[in-house]
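Participant: Provided below: data-v7.cif, containing mmCIF, C-alpha atoms.
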data_upload
#
loop_
_atom_site.group_PDB
_atom_site.id
_atom_site.type_symbol
_atom_site.label_atom_id
_atom_site.label_comp_id
_atom_site.auth_asym_id
_atom_site.auth_seq_id
_atom_site.Cartn_x
_atom_site.Cartn_y
_atom_site.Cartn_z
ATOM 1 C CA MET A 19 -9.828 19.028 22.745
ATOM 2 C CA PRO A 20 -6.625 16.971 22.950
ATOM 3 C CA HIS A 21 -4.770 15.829 19.868
ATOM 4 C CA ALA A 22 -5.586 12.370 18.545
ATOM 5 C CA LEU A 23 -3.978 9.521 20.456
ATOM 6 C CA GLY A 24 -3.853 7.082 17.549
ATOM 7 C CA LYS A 25 -3.611 7.087 13.761
ATOM 8 C CA HIS A 26 -5.493 4.305 12.032
ATOM 9 C CA LEU A 27 -5.150 3.403 8.355
ATOM 10 C CA LEU A 28 -7.704 0.893 7.063
ATOM 11 C CA VAL A 29 -6.333 -0.553 3.863
ATOM 12 C CA ASP A 30 -8.398 -2.730 1.528
ATOM 13 C CA LEU A 31 -6.356 -4.146 -1.356
ATOM 14 C CA TYR A 32 -7.838 -5.842 -4.407
ATOM 15 C CA GLY A 33 -6.457 -7.882 -7.271
ATOM 16 C CA CYS A 34 -3.701 -9.566 -5.271
ATOM 17 C CA PRO A 35 -2.296 -12.941 -6.410
ATOM 18 C CA THR A 36 -4.129 -15.905 -4.947
ATOM 19 C CA GLY A 37 -0.957 -17.843 -4.173
ATOM 20 C CA LEU A 38 0.601 -15.007 -2.225
ATOM 21 C CA LEU A 39 -2.526 -14.587 -0.127
ATOM 22 C CA ASN A 40 -2.215 -18.202 1.044
ATOM 23 C CA ASP A 41 1.511 -17.984 1.820
ATOM 24 C CA VAL A 42 1.590 -17.434 5.563
ATOM 25 C CA ALA A 43 5.400 -17.203 5.785
ATOM 26 C CA ALA A 44 5.624 -14.632 3.008
ATOM 27 C CA LEU A 45 2.829 -12.563 4.508
ATOM 28 C CA GLU A 46 4.477 -12.533 7.923
ATOM 29 C CA THR A 47 7.721 -11.349 6.357
ATOM 30 C CA VAL A 48 5.874 -8.615 4.465
ATOM 31 C CA MET A 49 3.990 -7.383 7.516
ATOM 32 C CA VAL A 50 7.091 -7.280 9.723
ATOM 33 C CA GLU A 51 8.887 -5.330 7.014
ATOM 34 C CA ALA A 52 5.926 -2.953 6.846
ATOM 35 C CA ALA A 53 6.217 -2.384 10.596
ATOM 36 C CA HIS A 54 9.887 -1.539 10.195
ATOM 37 C CA ARG A 55 9.192 0.847 7.316
ATOM 38 C CA ALA A 56 6.623 2.630 9.479
ATOM 39 C CA GLY A 57 9.384 3.215 11.997
ATOM 40 C CA THR A 58 7.784 1.038 14.661
ATOM 41 C CA THR A 59 9.184 -1.524 17.090
ATOM 42 C CA VAL A 60 7.926 -5.106 16.731
ATOM 43 C CA LEU A 61 7.060 -6.857 20.009
ATOM 44 C CA ASN A 62 5.706 -10.124 18.642
ATOM 45 C CA THR A 63 3.721 -11.698 15.825
ATOM 46 C CA THR A 64 1.020 -14.306 15.465
ATOM 47 C CA PHE A 65 0.013 -15.650 12.055
ATOM 48 C CA HIS A 66 -2.489 -18.374 11.195
ATOM 49 C CA ARG A 67 -3.204 -20.226 7.959
ATOM 50 C CA PHE A 68 -6.805 -21.329 7.566
ATOM 51 C CA SER A 69 -8.132 -24.392 5.803
ATOM 52 C CA PRO A 70 -8.943 -24.475 2.941
ATOM 53 C CA CYS A 71 -7.514 -21.006 2.380
ATOM 54 C CA GLY A 72 -6.787 -17.597 3.846
ATOM 55 C CA VAL A 73 -4.379 -16.140 6.357
ATOM 56 C CA SER A 74 -4.819 -13.964 9.431
ATOM 57 C CA GLY A 75 -1.886 -12.252 11.053
ATOM 58 C CA VAL A 76 -1.095 -9.722 13.746
ATOM 59 C CA VAL A 77 2.096 -7.790 14.349
ATOM 60 C CA VAL A 78 2.028 -6.321 17.840
ATOM 61 C CA ILE A 79 4.201 -3.223 17.943
ATOM 62 C CA GLN A 80 5.281 -0.908 20.721
ATOM 63 C CA GLU A 81 3.095 1.709 19.041
ATOM 64 C CA SER A 82 -0.116 -0.452 18.764
ATOM 65 C CA HIS A 83 -0.670 -3.024 15.973
ATOM 66 C CA LEU A 84 -0.710 -4.096 12.358
ATOM 67 C CA THR A 85 -3.164 -6.768 11.196
ATOM 68 C CA ILE A 86 -3.840 -8.590 7.945
ATOM 69 C CA HIS A 87 -6.631 -10.875 6.763
ATOM 70 C CA THR A 88 -6.703 -12.405 3.297
ATOM 71 C CA TRP A 89 -9.455 -13.784 1.076
ATOM 72 C CA PRO A 90 -7.404 -15.525 -1.650
ATOM 73 C CA GLU A 91 -10.375 -16.544 -3.804
ATOM 74 C CA GLN A 92 -11.340 -12.884 -4.097
ATOM 75 C CA GLY A 93 -7.795 -11.551 -4.352
ATOM 76 C CA PHE A 94 -8.711 -9.375 -1.389
ATOM 77 C CA VAL A 95 -6.641 -8.270 1.607
ATOM 78 C CA ALA A 96 -7.762 -6.189 4.609
ATOM 79 C CA ILE A 97 -4.926 -4.519 6.500
ATOM 80 C CA ASP A 98 -5.013 -2.259 9.539
ATOM 81 C CA LEU A 99 -2.127 -0.023 10.501
ATOM 82 C CA PHE A 100 -2.842 1.384 13.947
ATOM 83 C CA THR A 101 0.004 3.486 15.322
ATOM 84 C CA CYS A 102 0.466 6.039 18.054
ATOM 85 C CA GLY A 103 3.214 8.540 18.601
ATOM 86 C CA ARG A 104 4.316 11.359 16.344
ATOM 87 C CA GLN A 105 7.346 9.526 15.021
ATOM 88 C CA THR A 106 5.535 6.711 13.218
ATOM 89 C CA GLN A 107 5.110 6.833 9.469
ATOM 90 C CA PRO A 108 2.349 4.431 8.445
ATOM 91 C CA GLY A 109 2.219 6.006 4.989
ATOM 92 C CA ARG A 110 5.584 4.458 4.222
ATOM 93 C CA ALA A 111 4.260 1.054 5.239
ATOM 94 C CA LEU A 112 1.240 1.578 3.008
ATOM 95 C CA THR A 113 3.339 2.362 -0.049
ATOM 96 C CA TYR A 114 5.425 -0.733 0.571
ATOM 97 C CA LEU A 115 2.406 -3.006 1.153
ATOM 98 C CA LYS A 116 0.634 -2.032 -2.065
ATOM 99 C CA ARG A 117 3.733 -3.001 -3.998
ATOM 100 C CA ALA A 118 4.668 -6.100 -2.005
ATOM 101 C CA LEU A 119 1.154 -7.544 -2.241
ATOM 102 C CA GLN A 120 0.891 -6.674 -5.935
ATOM 103 C CA SER A 121 -2.524 -5.078 -5.594
ATOM 104 C CA THR A 122 -4.204 -3.573 -8.623
ATOM 105 C CA ARG A 123 -6.561 -1.340 -6.648
ATOM 106 C CA SER A 124 -6.707 -0.001 -3.124
ATOM 107 C CA ASP A 125 -9.275 1.619 -0.873
ATOM 108 C CA VAL A 126 -7.594 3.442 2.014
ATOM 109 C CA ARG A 127 -9.361 5.204 4.857
ATOM 110 C CA GLN A 128 -7.526 7.220 7.468
ATOM 111 C CA LEU A 129 -9.114 7.717 10.867
ATOM 112 C CA VAL A 130 -7.981 9.179 14.136
ATOM 113 C CA ARG A 131 -8.638 7.531 17.484
ATOM 114 C CA GLY A 132 -9.165 9.224 20.821
ATOM 115 C CA GLN A 133 -10.041 12.819 20.099
ATOM 116 C CA GLY A 134 -12.889 13.343 22.517
ATOM 117 C CA ASP A 135 -13.082 14.212 26.209
ATOM 118 C CA SER A 136 -10.326 12.128 27.699
ATOM 119 C CA SER A 137 -10.610 12.974 31.386
ATOM 120 C CA PRO A 138 -10.236 9.804 33.474
ATOM 121 C CA LYS A 139 -13.172 8.597 35.490
ATOM 122 C CA LYS A 140 -11.300 8.087 38.738
ATOM 123 C CA MET B 26 -20.714 -5.684 -6.381
ATOM 124 C CA PRO B 27 -20.239 -8.502 -3.850
ATOM 125 C CA HIS B 28 -21.417 -8.224 -0.270
ATOM 126 C CA ALA B 29 -18.922 -6.973 2.288
ATOM 127 C CA LEU B 30 -16.376 -9.528 3.437
ATOM 128 C CA GLY B 31 -15.773 -8.041 6.873
ATOM 129 C CA LYS B 32 -17.580 -5.997 9.513
ATOM 130 C CA HIS B 33 -15.394 -3.608 11.466
ATOM 131 C CA LEU B 34 -16.450 -1.775 14.622
ATOM 132 C CA LEU B 35 -14.042 0.915 15.808
ATOM 133 C CA VAL B 36 -14.856 1.619 19.431
ATOM 134 C CA ASP B 37 -13.350 4.547 21.340
ATOM 135 C CA LEU B 38 -14.299 4.519 25.028
ATOM 136 C CA TYR B 39 -13.741 7.429 27.412
ATOM 137 C CA GLY B 40 -13.907 7.892 31.159
ATOM 138 C CA CYS B 41 -12.704 4.400 32.052
ATOM 139 C CA PRO B 42 -11.018 3.764 35.439
ATOM 140 C CA THR B 43 -7.266 4.226 35.370
ATOM 141 C CA GLY B 44 -6.550 1.107 37.426
ATOM 142 C CA LEU B 45 -8.555 -1.144 35.156
ATOM 143 C CA LEU B 46 -6.756 0.170 32.076
ATOM 144 C CA ASN B 47 -3.435 -0.965 33.554
ATOM 145 C CA ASP B 48 -4.672 -4.416 34.599
ATOM 146 C CA VAL B 49 -3.468 -6.657 31.793
ATOM 147 C CA ALA B 50 -5.003 -9.842 33.223
ATOM 148 C CA ALA B 51 -8.417 -8.253 33.693
ATOM 149 C CA LEU B 52 -8.347 -6.772 30.197
ATOM 150 C CA GLU B 53 -7.458 -10.113 28.618
ATOM 151 C CA THR B 54 -10.365 -11.746 30.452
ATOM 152 C CA VAL B 55 -12.722 -8.998 29.278
ATOM 153 C CA MET B 56 -11.603 -9.218 25.648
ATOM 154 C CA VAL B 57 -11.885 -13.006 25.511
ATOM 155 C CA GLU B 58 -15.363 -12.769 27.001
ATOM 156 C CA ALA B 59 -16.222 -10.143 24.365
ATOM 157 C CA ALA B 60 -15.102 -12.567 21.653
ATOM 158 C CA HIS B 61 -17.379 -15.242 23.080
ATOM 159 C CA ARG B 62 -20.323 -12.859 23.293
ATOM 160 C CA ALA B 63 -19.819 -11.966 19.637
ATOM 161 C CA GLY B 64 -20.201 -15.652 18.843
ATOM 162 C CA THR B 65 -16.645 -16.044 17.617
ATOM 163 C CA THR B 66 -14.001 -18.720 18.131
ATOM 164 C CA VAL B 67 -10.792 -17.689 19.900
ATOM 165 C CA LEU B 68 -7.567 -19.010 18.344
ATOM 166 C CA ASN B 69 -5.036 -17.275 20.572
ATOM 167 C CA THR B 70 -4.285 -14.100 22.502
ATOM 168 C CA THR B 71 -1.315 -11.837 23.050
ATOM 169 C CA PHE B 72 -1.380 -9.092 25.684
ATOM 170 C CA HIS B 73 1.387 -6.716 26.727
ATOM 171 C CA ARG B 74 1.690 -4.338 29.689
ATOM 172 C CA PHE B 75 3.774 -1.255 28.959
ATOM 173 C CA SER B 76 5.956 0.704 31.332
ATOM 174 C CA PRO B 77 5.033 3.033 32.934
ATOM 175 C CA CYS B 78 1.448 2.388 31.919
ATOM 176 C CA GLY B 79 -0.917 1.120 29.270
ATOM 177 C CA VAL B 80 -1.873 -2.232 27.805
ATOM 178 C CA SER B 81 -2.087 -3.565 24.262
ATOM 179 C CA GLY B 82 -3.854 -6.798 23.494
ATOM 180 C CA VAL B 83 -4.980 -8.885 20.561
ATOM 181 C CA VAL B 84 -7.472 -11.721 20.455
ATOM 182 C CA VAL B 85 -7.070 -13.645 17.217
ATOM 183 C CA ILE B 86 -10.343 -15.289 16.312
ATOM 184 C CA GLN B 87 -11.375 -17.678 13.574
ATOM 185 C CA GLU B 88 -13.428 -14.794 12.163
ATOM 186 C CA SER B 89 -10.580 -12.154 12.184
ATOM 187 C CA HIS B 90 -9.549 -10.197 15.315
ATOM 188 C CA LEU B 91 -10.293 -8.090 18.359
ATOM 189 C CA THR B 92 -7.732 -5.565 19.596
ATOM 190 C CA ILE B 93 -7.465 -3.207 22.556
ATOM 191 C CA HIS B 94 -5.095 -0.370 23.429
ATOM 192 C CA THR B 95 -5.388 1.648 26.619
ATOM 193 C CA TRP B 96 -4.242 5.113 27.686
ATOM 194 C CA PRO B 97 -4.833 4.946 31.451
ATOM 195 C CA GLU B 98 -3.850 8.574 32.158
ATOM 196 C CA GLN B 99 -6.572 9.713 29.772
ATOM 197 C CA GLY B 100 -9.117 7.068 30.756
ATOM 198 C CA PHE B 101 -9.182 6.174 27.067
ATOM 199 C CA VAL B 102 -9.521 2.800 25.329
ATOM 200 C CA ALA B 103 -9.421 2.052 21.599
ATOM 201 C CA ILE B 104 -10.984 -1.270 20.633
ATOM 202 C CA ASP B 105 -11.410 -2.868 17.230
ATOM 203 C CA LEU B 106 -13.878 -5.646 16.570
ATOM 204 C CA PHE B 107 -13.193 -7.040 13.097
ATOM 205 C CA THR B 108 -15.355 -10.021 12.227
ATOM 206 C CA CYS B 109 -16.343 -11.869 9.096
ATOM 207 C CA GLY B 110 -19.170 -14.276 8.471
ATOM 208 C CA ARG B 111 -22.868 -13.687 8.843
ATOM 209 C CA GLN B 112 -23.170 -15.452 12.186
ATOM 210 C CA THR B 113 -21.015 -13.087 14.236
ATOM 211 C CA GLN B 114 -22.651 -10.529 16.490
ATOM 212 C CA PRO B 115 -20.104 -7.826 17.344
ATOM 213 C CA GLY B 116 -22.879 -5.598 18.680
ATOM 214 C CA ARG B 117 -23.262 -7.941 21.627
ATOM 215 C CA ALA B 118 -19.550 -7.645 22.348
ATOM 216 C CA LEU B 119 -19.830 -3.863 22.173
ATOM 217 C CA THR B 120 -22.651 -3.731 24.709
ATOM 218 C CA TYR B 121 -20.655 -5.937 27.052
ATOM 219 C CA LEU B 122 -17.415 -3.952 26.637
ATOM 220 C CA LYS B 123 -18.971 -0.586 27.425
ATOM 221 C CA ARG B 124 -20.245 -1.982 30.704
ATOM 222 C CA ALA B 125 -17.192 -4.089 31.596
ATOM 223 C CA LEU B 126 -14.801 -1.192 31.015
ATOM 224 C CA GLN B 127 -17.081 1.248 32.864
ATOM 225 C CA SER B 128 -16.911 3.873 30.159
ATOM 226 C CA THR B 129 -18.847 7.098 30.552
ATOM 227 C CA ARG B 130 -18.863 7.947 26.847
ATOM 228 C CA SER B 131 -18.291 6.050 23.618
ATOM 229 C CA ASP B 132 -17.615 6.883 20.001
ATOM 230 C CA VAL B 133 -18.421 3.929 17.754
ATOM 231 C CA ARG B 134 -17.859 3.775 14.013
ATOM 232 C CA GLN B 135 -19.029 0.866 11.896
ATOM 233 C CA LEU B 136 -17.294 0.168 8.601
ATOM 234 C CA VAL B 137 -17.443 -2.598 6.060
ATOM 235 C CA ARG B 138 -14.351 -4.126 4.497
ATOM 236 C CA GLY B 139 -14.008 -5.565 1.016
ATOM 237 C CA GLN B 140 -16.887 -4.241 -1.016
ATOM 238 C CA GLY B 141 -15.146 -3.351 -4.244
ATOM 239 C CA ASP B 142 -14.118 -5.304 -7.321
ATOM 240 C CA SER B 143 -12.746 -8.512 -5.868
ATOM 241 C CA SER B 144 -11.673 -10.376 -8.984
ATOM 242 C CA PRO B 145 -8.309 -12.062 -8.345
ATOM 243 C CA LYS B 146 -5.314 -10.937 -10.318
ATOM 244 C CA LYS B 147 -4.169 -14.386 -11.395
#
Turn the structure described in the file into structure tokens.
Facilitator:
Amino acid sequence: MPHALGKHLLVDLYGCPTGLLNDVAALETVMVEAAHRAGTTVLNTTFHRFSPCGVSGVVVIQESHLTIHTWPEQGFVAIDLFTCGRQTQPGRALTYLKRALQSTRSDVRQLVRGQGDSSPKK
Amino acid sequence: MPHALGKHLLVDLYGCPTGLLNDVAALETVMVEAAHRAGTTVLNTTFHRFSPCGVSGVVVIQESHLTIHTWPEQGFVAIDLFTCGRQTQPGRALTYLKRALQSTRSDVRQLVRGQGDSSPKK
């Protein structure tokens, strides 16, 4: 059985300020900083502000991706930190994100990706 | 306790053809088609071909995101289908993706996002 190819943190944050969760520029800044704190290399970003509210954003990194989706009315944020490589440190990004997004409660699940039979088909 | 805000399918596919997993154009076409089959609305896409091999791609949709990362040497693909709203049908995308990517084995996990206390902070 090979080692896992990817580390995936699924981060649900609650109790975040409504205004922040609608601020697309601030959220992009926060997510790019999170990528840097995880020790990853940012390739590009795409962020979108929805009407009447909510933001979706993706930070594509050399080592996979970070995503964020916000539900401002509920104070809720769903973040994914998907990284590969042994050098990445998504836990550092997580610590930063909880603080930066001012969450009062978090639900974090850590999964591994790609642990099964990985022999190529052809 | 409110209903879940997001549905998240984590799809690990094994045994996929090496050539296909390096074909960035084909993979973008497949992922956009998967978004359509899930009944979602595509906002934009960003795909990247790595050297010497591998592809990362994101399809940003009105209802959250689809992502793909490939490890061609291992025949391995990690896909995320994150959708919100009751109308989306990620299961249809999953059925399509298994076939389109010619996987011989899959490991699919289904999670919900945002089920806890969602009262906003302020």
Participant: Evaluate the PyMOL selection byres ((chain A and resi 27) around 9) on the structure here and hand back the selected residues as number ranges by chain.
Facilitator: A: 25-26, 28-29, 97-101, 108-109, 112, 126-130
Participant: Restricting it to C-alpha atoms, dump the selection as a compact mmCIF listing (two decimals), keeping the file's coordinate frame.
Facilitator:
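The resulting file, part36.txt, is reproduced below:
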# COMPACT_ATOMS: atom_id res chain seq x y z
CA LYS A 25 -3.61 7.09 13.76
CA HIS A 26 -5.49 4.30 12.03
CA LEU A 28 -7.70 0.89 7.06
CA VAL A 29 -6.33 -0.55 3.86
CA ILE A 97 -4.93 -4.52 6.50
CA ASP A 98 -5.01 -2.26 9.54
CA LEU A 99 -2.13 -0.02 10.50
CA PHE A 100 -2.84 1.38 13.95
CA THR A 101 0.00 3.49 15.32
CA PRO A 108 2.35 4.43 8.44
CA GLY A 109 2.22 6.01 4.99
CA LEU A 112 1.24 1.58 3.01
CA VAL A 126 -7.59 3.44 2.01
CA ARG A 127 -9.36 5.20 4.86
CA GLN A 128 -7.53 7.22 7.47
CA LEU A 129 -9.11 7.72 10.87
CA VAL A 130 -7.98 9.18 14.14
Participant: Go through the shown structure with the PyMOL selection byres ((chain B and resi 111) around 12) and write out the matching residues as a short mmCIF file (atom, residue, chain, number, x, y, z; two decimals) with C-alpha atoms, keeping the file's coordinate frame.
Facilitator:
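So the final result, stored in part.cif, reads:
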data_model
loop_
_atom_site.label_atom_id
_atom_site.label_comp_id
_atom_site.auth_asym_id
_atom_site.auth_seq_id
_atom_site.Cartn_x
_atom_site.Cartn_y
_atom_site.Cartn_z
CA HIS B 28 -21.42 -8.22 -0.27
CA ALA B 29 -18.92 -6.97 2.29
CA LEU B 30 -16.38 -9.53 3.44
CA GLY B 31 -15.77 -8.04 6.87
CA LYS B 32 -17.58 -6.00 9.51
CA ALA B 63 -19.82 -11.97 19.64
CA GLY B 64 -20.20 -15.65 18.84
CA THR B 65 -16.64 -16.04 17.62
CA GLU B 88 -13.43 -14.79 12.16
CA THR B 108 -15.36 -10.02 12.23
CA CYS B 109 -16.34 -11.87 9.10
CA GLY B 110 -19.17 -14.28 8.47
CA GLN B 112 -23.17 -15.45 12.19
CA THR B 113 -21.02 -13.09 14.24
CA GLN B 114 -22.65 -10.53 16.49
CA PRO B 115 -20.10 -7.83 17.34
#
Participant: Can you translate the PyMOL selection byres ((chain A and resi 80) around 10) into the concrete residues it hits in this file, as a list in words?
Facilitator: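 Written out, the selection comes to Thr58, Thr59, Val60, Leu61, Asn62, Val77, Val78, Ile79, Glu81, Ser82, His83, Thr101, Cys102 and Gly103 of chain A; His73, Phe75 and Ser81 of chain B.
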Participant: May I ask for the distance between CA of Thr70 (chain B) and CA of Leu52 (chain B), given in Å to one decimal place?
Facilitator: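 CA of Leu52 (chain B) lies 11.4 Å from CA of Thr70 (chain B).
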Participant: Using all atoms listed in the file, which residues sit within 6 Å of Ser121 (chain A) once same-chain residues fewer than 5 positions away are excluded, as a PDB file with C-alpha atoms, in the coordinates of the input?
Facilitator:
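Contents of the output file around34.pdb:
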ATOM      1  CA  LEU A  31      -6.356  -4.146  -1.356  1.00  0.00           C
ATOM      2  CA  TYR A  32      -7.838  -5.842  -4.407  1.00  0.00           C
ATOM      3  CA  GLY A  33      -6.457  -7.882  -7.271  1.00  0.00           C
ATOM      4  CA  CYS A  34      -3.701  -9.566  -5.271  1.00  0.00           C
ATOM      5  CA  LYS A 116       0.634  -2.032  -2.065  1.00  0.00           C
TER       6      LYS A 116
END
Participant: Between CA of Ala96 (chain A) and CA of Glu46 (chain A), what is the distance in Å, rounded to a tenth?
Facilitator: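 Taking CA of Ala96 (chain A) as the start and CA of Glu46 (chain A) as the end point, the length is 14.2 Å.
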Participant: Using the partial input, fill out region 105-114 of chain B with all heavy atoms; write the result as a CSV table (one decimal), in the frame of the given file.
Facilitator:
chain,number,residue,atom,x,y,z
B,105,ASP,N,-10.9,-2.5,18.6
B,105,ASP,CA,-11.4,-2.9,17.2
B,105,ASP,C,-12.0,-4.3,17.3
B,105,ASP,O,-11.5,-5.2,17.9
B,105,ASP,CB,-10.3,-2.9,16.2
B,105,ASP,CG,-9.8,-1.5,15.8
B,105,ASP,OD1,-9.3,-0.8,16.7
B,105,ASP,OD2,-10.1,-1.1,14.7
B,106,LEU,N,-13.2,-4.4,16.7
B,106,LEU,CA,-13.9,-5.6,16.6
B,106,LEU,C,-14.0,-5.9,15.1
B,106,LEU,O,-14.9,-5.3,14.4
B,106,LEU,CB,-15.2,-5.6,17.3
B,106,LEU,CG,-15.3,-5.1,18.7
B,106,LEU,CD1,-16.7,-5.0,19.2
B,106,LEU,CD2,-14.5,-6.0,19.6
B,107,PHE,N,-13.2,-6.7,14.5
B,107,PHE,CA,-13.2,-7.0,13.1
B,107,PHE,C,-13.6,-8.5,13.0
B,107,PHE,O,-13.0,-9.4,13.4
B,107,PHE,CB,-11.8,-6.9,12.5
B,107,PHE,CG,-11.7,-6.9,11.0
B,107,PHE,CD1,-10.8,-6.1,10.4
B,107,PHE,CD2,-12.4,-7.8,10.3
B,107,PHE,CE1,-10.6,-6.2,9.0
B,107,PHE,CE2,-12.3,-7.9,8.9
B,107,PHE,CZ,-11.4,-7.1,8.2
B,108,THR,N,-14.8,-8.7,12.4
B,108,THR,CA,-15.4,-10.0,12.2
B,108,THR,C,-15.8,-10.2,10.8
B,108,THR,O,-16.2,-9.3,10.1
B,108,THR,CB,-16.5,-10.3,13.2
B,108,THR,OG1,-17.6,-9.4,12.9
B,108,THR,CG2,-16.1,-10.1,14.6
B,109,CYS,N,-15.8,-11.5,10.4
B,109,CYS,CA,-16.3,-11.9,9.1
B,109,CYS,C,-17.3,-13.0,9.3
B,109,CYS,O,-17.3,-13.6,10.4
B,109,CYS,CB,-15.3,-12.2,8.1
B,109,CYS,SG,-14.2,-13.6,8.6
B,110,GLY,N,-18.2,-13.2,8.3
B,110,GLY,CA,-19.2,-14.3,8.5
B,110,GLY,C,-20.5,-13.7,9.0
B,110,GLY,O,-20.5,-12.7,9.7
B,111,ARG,N,-21.5,-14.3,8.5
B,111,ARG,CA,-22.9,-13.7,8.8
B,111,ARG,C,-23.3,-14.0,10.2
B,111,ARG,O,-24.3,-13.5,10.7
B,111,ARG,CB,-23.9,-14.2,7.8
B,111,ARG,CG,-23.5,-13.7,6.4
B,111,ARG,CD,-24.5,-14.0,5.4
B,111,ARG,NE,-24.0,-13.6,4.0
B,111,ARG,CZ,-24.8,-13.5,3.0
B,111,ARG,NH1,-26.0,-13.9,3.0
B,111,ARG,NH2,-24.2,-13.1,1.8
B,112,GLN,N,-22.7,-15.0,10.9
B,112,GLN,CA,-23.2,-15.5,12.2
B,112,GLN,C,-22.6,-14.6,13.3
B,112,GLN,O,-23.2,-14.7,14.5
B,112,GLN,CB,-22.7,-16.9,12.4
B,112,GLN,CG,-23.1,-17.8,11.3
B,112,GLN,CD,-24.6,-17.8,10.9
B,112,GLN,OE1,-25.4,-17.7,11.8
B,112,GLN,NE2,-24.9,-17.7,9.6
B,113,THR,N,-21.6,-13.8,13.1
B,113,THR,CA,-21.0,-13.1,14.2
B,113,THR,C,-21.9,-11.9,14.7
B,113,THR,O,-22.6,-11.3,13.9
B,113,THR,CB,-19.6,-12.5,13.9
B,113,THR,OG1,-19.7,-11.7,12.8
B,113,THR,CG2,-18.7,-13.7,13.5
B,114,GLN,N,-21.8,-11.6,15.9
B,114,GLN,CA,-22.7,-10.5,16.5
B,114,GLN,C,-21.8,-9.5,17.3
B,114,GLN,O,-21.9,-9.5,18.5
B,114,GLN,CB,-23.7,-11.2,17.4
B,114,GLN,CG,-24.7,-12.1,16.5
B,114,GLN,CD,-25.9,-12.5,17.3
B,114,GLN,OE1,-25.7,-13.2,18.3
B,114,GLN,NE2,-27.0,-12.2,16.9
